[in-house]
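Asks: For reference, this is structure_12.cif, and it has mmCIF, C-alpha atoms; chains and numbers go by the auth columns.
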data_entry
loop_
_atom_site.group_PDB
_atom_site.id
_atom_site.type_symbol
_atom_site.label_atom_id
_atom_site.label_comp_id
_atom_site.label_asym_id
_atom_site.label_seq_id
_atom_site.Cartn_x
_atom_site.Cartn_y
_atom_site.Cartn_z
_atom_site.B_iso_or_equiv
_atom_site.auth_seq_id
_atom_site.auth_asym_id
ATOM 1 C CA MET A 1 -8.174 -30.934 2.166 0.00 1 A
ATOM 2 C CA THR A 2 -4.803 -29.266 2.688 0.00 2 A
ATOM 3 C CA THR A 3 -3.939 -26.183 0.685 0.00 3 A
ATOM 4 C CA GLN A 4 -0.511 -26.319 -0.937 0.00 4 A
ATOM 5 C CA TYR A 5 1.498 -23.121 -1.232 0.00 5 A
ATOM 6 C CA ALA A 6 4.329 -22.447 -3.664 0.00 6 A
ATOM 7 C CA PRO A 7 7.798 -22.198 -2.097 0.00 7 A
ATOM 8 C CA PHE A 8 8.500 -18.717 -0.819 0.00 8 A
ATOM 9 C CA ASN A 9 11.566 -16.845 -2.018 0.00 9 A
ATOM 10 C CA TYR A 10 12.679 -15.054 1.165 0.00 10 A
ATOM 11 C CA HIS A 11 15.585 -13.312 -0.517 0.00 11 A
ATOM 12 C CA GLN A 12 13.351 -11.813 -3.217 0.00 12 A
ATOM 13 C CA ALA A 13 10.771 -10.715 -0.640 0.00 13 A
ATOM 14 C CA LEU A 14 13.476 -9.061 1.437 0.00 14 A
ATOM 15 C CA MET A 15 14.861 -7.286 -1.625 0.00 15 A
ATOM 16 C CA ASN A 16 11.345 -6.082 -2.490 0.00 16 A
ATOM 17 C CA ARG A 17 10.742 -4.865 1.039 0.00 17 A
ATOM 18 C CA LEU A 18 14.053 -3.096 1.338 0.00 18 A
ATOM 19 C CA GLY A 19 13.438 -1.252 -1.884 0.00 19 A
ATOM 20 C CA LEU A 20 16.899 -1.909 -3.287 0.00 20 A
ATOM 21 C CA ILE A 21 16.326 -0.486 -6.733 0.00 21 A
ATOM 22 C CA THR A 22 19.406 1.357 -7.843 0.00 22 A
ATOM 23 C CA ASP A 23 18.040 3.770 -10.417 0.00 23 A
ATOM 24 C CA TRP A 24 15.575 5.460 -8.080 0.00 24 A
ATOM 25 C CA ALA A 25 18.085 7.741 -6.452 0.00 25 A
ATOM 26 C CA ASP A 26 18.579 10.039 -9.426 0.00 26 A
ATOM 27 C CA GLN A 27 15.275 9.822 -11.226 0.00 27 A
ATOM 28 C CA GLY A 28 12.757 8.550 -8.715 0.00 28 A
ATOM 29 C CA LEU A 29 12.022 11.632 -6.653 0.00 29 A
ATOM 30 C CA ALA A 30 11.778 13.845 -9.725 0.00 30 A
ATOM 31 C CA ASN A 31 9.259 11.449 -11.284 0.00 31 A
ATOM 32 C CA THR A 32 7.225 11.294 -8.095 0.00 32 A
ATOM 33 C CA LYS A 33 7.136 15.092 -7.820 0.00 33 A
ATOM 34 C CA GLN A 34 6.130 15.414 -11.470 0.00 34 A
ATOM 35 C CA TYR A 35 3.376 12.827 -11.083 0.00 35 A
ATOM 36 C CA TYR A 36 1.845 14.563 -8.086 0.00 36 A
ATOM 37 C CA ALA A 37 2.340 18.061 -9.487 0.00 37 A
ATOM 38 C CA ASN A 38 0.350 17.073 -12.581 0.00 38 A
ATOM 39 C CA ARG A 39 -2.340 14.957 -10.926 0.00 39 A
ATOM 40 C CA PRO A 40 -5.918 16.190 -11.093 0.00 40 A
ATOM 41 C CA THR A 41 -7.379 17.835 -8.034 0.00 41 A
ATOM 42 C CA PRO A 42 -9.027 15.159 -5.921 0.00 42 A
ATOM 43 C CA ASN A 43 -12.790 15.309 -6.132 0.00 43 A
ATOM 44 C CA PRO A 44 -15.651 13.410 -4.572 0.00 44 A
ATOM 45 C CA VAL A 45 -16.635 10.074 -6.035 0.00 45 A
ATOM 46 C CA TYR A 46 -18.869 8.937 -3.203 0.00 46 A
ATOM 47 C CA GLY A 47 -21.253 11.836 -2.705 0.00 47 A
ATOM 48 C CA ASN A 48 -20.818 14.784 -0.360 0.00 48 A
ATOM 49 C CA THR A 49 -17.323 14.745 1.114 0.00 49 A
ATOM 50 C CA SER A 50 -18.469 16.451 4.281 0.00 50 A
ATOM 51 C CA ASN A 51 -20.499 13.316 5.033 0.00 51 A
ATOM 52 C CA SER A 52 -17.765 10.966 3.866 0.00 52 A
ATOM 53 C CA SER A 53 -16.932 8.138 6.221 0.00 53 A
ATOM 54 C CA SER A 54 -13.228 8.646 5.527 0.00 54 A
ATOM 55 C CA GLY A 55 -13.438 12.309 6.442 0.00 55 A
ATOM 56 C CA GLY A 56 -11.897 13.851 3.359 0.00 56 A
ATOM 57 C CA THR A 57 -11.923 14.282 -0.359 0.00 57 A
ATOM 58 C CA HIS A 58 -11.590 11.259 -2.565 0.00 58 A
ATOM 59 C CA TYR A 59 -9.254 10.615 -5.421 0.00 59 A
ATOM 60 C CA THR A 60 -10.401 10.201 -9.022 0.00 60 A
ATOM 61 C CA PRO A 61 -7.703 8.407 -11.023 0.00 61 A
ATOM 62 C CA PRO A 62 -6.404 10.237 -14.092 0.00 62 A
ATOM 63 C CA SER A 63 -7.790 8.864 -17.331 0.00 63 A
ATOM 64 C CA GLY A 64 -5.550 7.318 -19.948 0.00 64 A
ATOM 65 C CA GLN A 65 -3.273 5.478 -17.518 0.00 65 A
ATOM 66 C CA ALA A 66 -3.817 1.801 -18.210 0.00 66 A
ATOM 67 C CA GLY A 67 -1.912 0.623 -15.138 0.00 67 A
ATOM 68 C CA ASN A 68 -3.823 2.881 -12.785 0.00 68 A
ATOM 69 C CA THR A 69 -6.379 0.388 -11.565 0.00 69 A
ATOM 70 C CA PHE A 70 -7.128 -0.858 -8.093 0.00 70 A
ATOM 71 C CA ASP A 71 -6.404 -4.475 -9.076 0.00 71 A
ATOM 72 C CA ASN A 72 -2.958 -3.479 -10.347 0.00 72 A
ATOM 73 C CA PHE A 73 -2.411 -1.517 -7.151 0.00 73 A
ATOM 74 C CA MET A 74 -3.248 -4.522 -4.961 0.00 74 A
ATOM 75 C CA ARG A 75 -0.942 -6.759 -6.982 0.00 75 A
ATOM 76 C CA ALA A 76 1.882 -4.228 -6.664 0.00 76 A
ATOM 77 C CA ILE A 77 1.438 -3.991 -2.883 0.00 77 A
ATOM 78 C CA ALA A 78 1.371 -7.791 -2.479 0.00 78 A
ATOM 79 C CA GLN A 79 4.472 -8.262 -4.610 0.00 79 A
ATOM 80 C CA ARG A 80 6.372 -5.520 -2.802 0.00 80 A
ATOM 81 C CA GLU A 81 5.369 -6.662 0.676 0.00 81 A
ATOM 82 C CA SER A 82 5.747 -10.447 0.515 0.00 82 A
ATOM 83 C CA GLY A 83 6.223 -11.600 -3.048 0.00 83 A
ATOM 84 C CA GLY A 84 2.629 -12.835 -2.828 0.00 84 A
ATOM 85 C CA ASN A 85 3.174 -15.190 0.125 0.00 85 A
ATOM 86 C CA TYR A 86 0.118 -15.591 2.378 0.00 86 A
ATOM 87 C CA ARG A 87 2.238 -17.191 5.125 0.00 87 A
ATOM 88 C CA ALA A 88 4.933 -14.481 5.284 0.00 88 A
ATOM 89 C CA VAL A 89 5.858 -13.115 8.721 0.00 89 A
ATOM 90 C CA ASN A 90 8.217 -10.132 9.003 0.00 90 A
ATOM 91 C CA ARG A 91 10.914 -10.900 11.562 0.00 91 A
ATOM 92 C CA ASP A 92 11.367 -7.244 12.461 0.00 92 A
ATOM 93 C CA SER A 93 7.815 -5.920 12.733 0.00 93 A
ATOM 94 C CA GLY A 94 5.715 -9.080 12.990 0.00 94 A
ATOM 95 C CA ALA A 95 3.687 -7.988 9.935 0.00 95 A
ATOM 96 C CA LEU A 96 1.658 -10.875 8.568 0.00 96 A
ATOM 97 C CA GLY A 97 0.573 -12.388 5.299 0.00 97 A
ATOM 98 C CA LYS A 98 0.567 -11.488 1.658 0.00 98 A
ATOM 99 C CA TYR A 99 0.016 -7.771 2.320 0.00 99 A
ATOM 100 C CA GLN A 100 2.072 -7.616 5.540 0.00 100 A
ATOM 101 C CA ILE A 101 -0.623 -6.298 7.860 0.00 101 A
ATOM 102 C CA MET A 102 0.511 -5.392 11.366 0.00 102 A
ATOM 103 C CA PRO A 103 -0.909 -7.723 14.025 0.00 103 A
ATOM 104 C CA GLY A 104 -2.319 -4.750 15.971 0.00 104 A
ATOM 105 C CA ASN A 105 -4.537 -3.824 13.004 0.00 105 A
ATOM 106 C CA ILE A 106 -6.071 -7.222 12.365 0.00 106 A
ATOM 107 C CA ALA A 107 -8.857 -7.089 14.956 0.00 107 A
ATOM 108 C CA SER A 108 -10.155 -3.639 13.991 0.00 108 A
ATOM 109 C CA TRP A 109 -9.632 -4.032 10.246 0.00 109 A
ATOM 110 C CA SER A 110 -11.325 -7.430 10.188 0.00 110 A
ATOM 111 C CA LYS A 111 -14.229 -6.006 12.184 0.00 111 A
ATOM 112 C CA ALA A 112 -14.614 -3.204 9.621 0.00 112 A
ATOM 113 C CA ALA A 113 -14.212 -5.485 6.599 0.00 113 A
ATOM 114 C CA LEU A 114 -16.032 -8.619 7.770 0.00 114 A
ATOM 115 C CA GLY A 115 -18.348 -7.423 10.518 0.00 115 A
ATOM 116 C CA HIS A 116 -16.476 -9.424 13.169 0.00 116 A
ATOM 117 C CA SER A 117 -12.923 -9.609 14.479 0.00 117 A
ATOM 118 C CA ILE A 118 -10.607 -12.496 13.739 0.00 118 A
ATOM 119 C CA SER A 119 -7.391 -13.641 15.410 0.00 119 A
ATOM 120 C CA THR A 120 -3.930 -13.232 13.948 0.00 120 A
ATOM 121 C CA SER A 121 -3.757 -17.010 13.549 0.00 121 A
ATOM 122 C CA GLN A 122 -7.019 -17.093 11.586 0.00 122 A
ATOM 123 C CA PHE A 123 -5.720 -14.266 9.463 0.00 123 A
ATOM 124 C CA LEU A 124 -2.358 -15.865 8.702 0.00 124 A
ATOM 125 C CA HIS A 125 -3.865 -19.252 7.838 0.00 125 A
ATOM 126 C CA THR A 126 -6.810 -18.075 5.709 0.00 126 A
ATOM 127 C CA PRO A 127 -5.889 -16.486 2.373 0.00 127 A
ATOM 128 C CA SER A 128 -9.486 -15.494 1.591 0.00 128 A
ATOM 129 C CA LEU A 129 -9.672 -13.461 4.814 0.00 129 A
ATOM 130 C CA GLN A 130 -6.371 -11.767 4.019 0.00 130 A
ATOM 131 C CA GLU A 131 -7.720 -10.769 0.624 0.00 131 A
ATOM 132 C CA GLN A 132 -11.000 -9.397 2.007 0.00 132 A
ATOM 133 C CA ILE A 133 -9.357 -7.380 4.773 0.00 133 A
ATOM 134 C CA ALA A 134 -6.545 -6.003 2.619 0.00 134 A
ATOM 135 C CA GLN A 135 -8.938 -5.155 -0.199 0.00 135 A
ATOM 136 C CA TYR A 136 -11.257 -3.293 2.170 0.00 136 A
ATOM 137 C CA GLN A 137 -8.496 -1.212 3.737 0.00 137 A
ATOM 138 C CA LEU A 138 -6.515 -0.591 0.566 0.00 138 A
ATOM 139 C CA HIS A 139 -9.657 0.434 -1.302 0.00 139 A
ATOM 140 C CA ASN A 140 -10.358 3.095 1.326 0.00 140 A
ATOM 141 C CA TYR A 141 -6.838 4.449 0.989 0.00 141 A
ATOM 142 C CA TYR A 142 -6.873 4.259 -2.819 0.00 142 A
ATOM 143 C CA ASN A 143 -10.138 6.157 -3.133 0.00 143 A
ATOM 144 C CA LYS A 144 -8.923 8.863 -0.809 0.00 144 A
ATOM 145 C CA TRP A 145 -5.341 9.418 -2.028 0.00 145 A
ATOM 146 C CA GLY A 146 -4.846 7.562 -5.310 0.00 146 A
ATOM 147 C CA PRO A 147 -2.173 4.897 -5.761 0.00 147 A
ATOM 148 C CA GLY A 148 0.840 6.900 -4.535 0.00 148 A
ATOM 149 C CA GLY A 149 -0.860 8.238 -1.414 0.00 149 A
ATOM 150 C CA ALA A 150 -2.454 4.865 -0.704 0.00 150 A
ATOM 151 C CA ALA A 151 0.977 3.247 -0.894 0.00 151 A
ATOM 152 C CA VAL A 152 2.252 5.788 1.635 0.00 152 A
ATOM 153 C CA ALA A 153 -0.721 5.084 3.917 0.00 153 A
ATOM 154 C CA TRP A 154 -0.029 1.348 3.712 0.00 154 A
ATOM 155 C CA TYR A 155 3.690 1.748 4.365 0.00 155 A
ATOM 156 C CA ALA A 156 3.748 4.582 6.903 0.00 156 A
ATOM 157 C CA GLY A 157 0.160 5.070 8.093 0.00 157 A
ATOM 158 C CA PRO A 158 -2.778 7.248 7.018 0.00 158 A
ATOM 159 C CA GLY A 159 -1.608 10.221 9.101 0.00 159 A
ATOM 160 C CA THR A 160 1.641 10.252 7.154 0.00 160 A
ATOM 161 C CA ALA A 161 -0.267 9.931 3.870 0.00 161 A
ATOM 162 C CA SER A 162 -2.344 13.021 4.641 0.00 162 A
ATOM 163 C CA LYS A 163 0.805 15.064 5.222 0.00 163 A
ATOM 164 C CA TRP A 164 2.711 13.515 2.299 0.00 164 A
ATOM 165 C CA TYR A 165 -0.117 14.192 -0.104 0.00 165 A
ATOM 166 C CA LYS A 166 0.271 17.928 0.590 0.00 166 A
ATOM 167 C CA ASN A 167 4.087 18.035 0.611 0.00 167 A
ATOM 168 C CA SER A 168 5.951 15.031 -0.776 0.00 168 A
ATOM 169 C CA ASN A 169 9.032 17.251 -1.223 0.00 169 A
ATOM 170 C CA SER A 170 9.957 17.182 2.462 0.00 170 A
ATOM 171 C CA GLY A 171 13.327 15.561 3.134 0.00 171 A
ATOM 172 C CA TYR A 172 11.689 13.315 5.704 0.00 172 A
ATOM 173 C CA TYR A 173 9.998 11.311 2.945 0.00 173 A
ATOM 174 C CA ASN A 174 13.362 10.541 1.319 0.00 174 A
ATOM 175 C CA THR A 175 14.965 9.230 4.513 0.00 175 A
ATOM 176 C CA PRO A 176 15.216 5.427 4.804 0.00 176 A
ATOM 177 C CA GLN A 177 12.925 3.940 7.426 0.00 177 A
ATOM 178 C CA GLY A 178 15.562 2.145 9.462 0.00 178 A
ATOM 179 C CA LYS A 179 16.818 -0.624 7.191 0.00 179 A
ATOM 180 C CA TYR A 180 13.786 -0.271 4.923 0.00 180 A
ATOM 181 C CA SER A 181 13.257 2.078 1.998 0.00 181 A
ATOM 182 C CA SER A 182 12.182 5.691 2.265 0.00 182 A
ATOM 183 C CA ILE A 183 8.509 6.595 1.989 0.00 183 A
ATOM 184 C CA ASN A 184 9.001 8.191 -1.431 0.00 184 A
ATOM 185 C CA ALA A 185 10.964 5.181 -2.715 0.00 185 A
ATOM 186 C CA TYR A 186 8.209 2.844 -1.545 0.00 186 A
ATOM 187 C CA ALA A 187 5.469 4.914 -3.212 0.00 187 A
ATOM 188 C CA LEU A 188 7.469 5.205 -6.417 0.00 188 A
ATOM 189 C CA GLY A 189 8.070 1.447 -6.407 0.00 189 A
ATOM 190 C CA ILE A 190 4.333 0.815 -6.299 0.00 190 A
ATOM 191 C CA LEU A 191 3.699 3.290 -9.127 0.00 191 A
ATOM 192 C CA ARG A 192 6.405 1.675 -11.234 0.00 192 A
ATOM 193 C CA ALA A 193 5.056 -1.809 -10.569 0.00 193 A
ATOM 194 C CA MET A 194 1.685 -0.563 -11.783 0.00 194 A
ATOM 195 C CA GLY A 195 3.283 0.810 -14.947 0.00 195 A
ATOM 196 C CA ILE A 196 2.416 4.421 -14.066 0.00 196 A
ATOM 197 C CA ARG A 197 6.024 5.674 -13.791 0.00 197 A
#
Output the structure of this file as structure tokens.
Replies:
Amino acid sequence: MTTQYAPFNYHQALMNRLGLITDWADQGLANTKQYYANRPTPNPVYGNTSNSSSGGTHYTPPSGQAGNTFDNFMRAIAQRESGGNYRAVNRDSGALGKYQIMPGNIASWSKAALGHSISTSQFLHTPSLQEQIAQYQLHNYYNKWGPGGAAVAWYAGPGTASKWYKNSNSGYYNTPQGKYSSINAYALGILRAMGIR
């Protein structure tokens, strides 16, 4: 049986990836700063943080924010990265699939998520594997940093997320990443897609 995929809108995916949202420039950074200034102090949700496998404190989402769920977060990431296309391949970076995972991460992330490594070809051609691997990795980020920090980790790496979480005001986070959006614009885009901002 052959799986049929809906036609992929490359223009829309590119627009999502580039972060071309015009009203962010004036209001976006202020909203991001306000959100993180008012967030609750991260606290452990998985036992003693000193024994945590992720090596840090975990994030407890603020109550009363209907959009602040992990499922909404995953949907926002998928829409931003590929428009939901499992077969997407980024021409610049080589990132693959619905969540645009870098090829160099697939072996180690699949090993962590599935218990065994898979090839990039297996990954690109198997939507269920993409979902399992992305969910595993994104859930780790989300529990540690909340949706904004997890978006930063996904876009710019967990080392950047750790620094951003402490000081999102740095000018570096507002600088476009080559032809792609800035780190703050990307994080704000995810929060807006979730209905948080």
Asks: For Ser110 (chain A), which of A:Thr160, A:Gln137, A:Asn90, A:Thr126 is the closest residue, counting all atoms listed in the file?
Replies: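 Smallest separation from Ser110 (chain A) among the options: A:Gln137.
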Asks: Excluding Ala150 (chain A) and its own-chain neighbours fewer than 2 positions away, which residues fall within 10 Å of it when counting all atoms listed in the file? Please give them as a compact mmCIF listing (two decimals) with C-alpha atoms, keeping the file's coordinate frame.
Replies:
# COMPACT_ATOMS: atom_id res chain seq x y z
CA PHE A 73 -2.41 -1.52 -7.15
CA ILE A 77 1.44 -3.99 -2.88
CA GLN A 137 -8.50 -1.21 3.74
CA LEU A 138 -6.52 -0.59 0.57
CA HIS A 139 -9.66 0.43 -1.30
CA ASN A 140 -10.36 3.10 1.33
CA TYR A 141 -6.84 4.45 0.99
CA TYR A 142 -6.87 4.26 -2.82
CA ASN A 143 -10.14 6.16 -3.13
CA LYS A 144 -8.92 8.86 -0.81
CA TRP A 145 -5.34 9.42 -2.03
CA GLY A 146 -4.85 7.56 -5.31
CA PRO A 147 -2.17 4.90 -5.76
CA GLY A 148 0.84 6.90 -4.54
CA VAL A 152 2.25 5.79 1.64
CA ALA A 153 -0.72 5.08 3.92
CA TRP A 154 -0.03 1.35 3.71
CA TYR A 155 3.69 1.75 4.36
CA ALA A 156 3.75 4.58 6.90
CA GLY A 157 0.16 5.07 8.09
CA PRO A 158 -2.78 7.25 7.02
CA ALA A 161 -0.27 9.93 3.87
CA SER A 162 -2.34 13.02 4.64
CA TYR A 165 -0.12 14.19 -0.10
CA ALA A 187 5.47 4.91 -3.21
CA ILE A 190 4.33 0.82 -6.30
Asks: First collect every listed atom of region 103-122 of chain A; then fit an axis-aligned box around them, widen it by 3 Å on each side, and give centre and edge lengths in Å to one decimal, as JSON.
Replies:
{"center_x": -9.6, "center_y": -10.1, "center_z": 11.3, "size_x": 23.4, "size_y": 19.9, "size_z": 15.4}
Asks: As an exercise, work out the distance from CA of Lys111 (chain A) to CA of Arg87 (chain A) in Å and give it to one decimal place.
Replies: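 Interatomic distance, CA of Lys111 (chain A) to CA of Arg87 (chain A): 21.1 Å.
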Asks: Please measure the separation of CA of Ile118 (chain A) and CA of Ile106 (chain A), giving the value in Å to one decimal.
Replies: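 Interatomic distance here is 7.1 Å.
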Asks: So which one's closest to Tyr86 (chain A), A:Phe123, A:Trp164, A:Trp109, A:Tyr172? Using all atoms listed in the file, please.
Replies: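 Under the stated criterion, the closest residue is A:Phe123.
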Asks: Could you please determine the separation between CA of Glu131 (chain A) and CA of Met194 (chain A) in Å, to one decimal place?
Replies: 18.6 Å
Asks: Identify all residues satisfying the PyMOL selection byres ((chain A and resi 93-104) around 9) in the given file; provide them as a PyMOL selection string.
Replies: chain A and resi 74+77-92+105-108+119-120+123-125+127+130-131+134+154
Asks: Nearest to Leu191 (chain A): which of A:His116, A:Gln135, A:Gly149, A:Gly171 is it, counting only C-alpha atoms?
Replies: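 Selected residue with least distance to Leu191 (chain A): A:Gly149.
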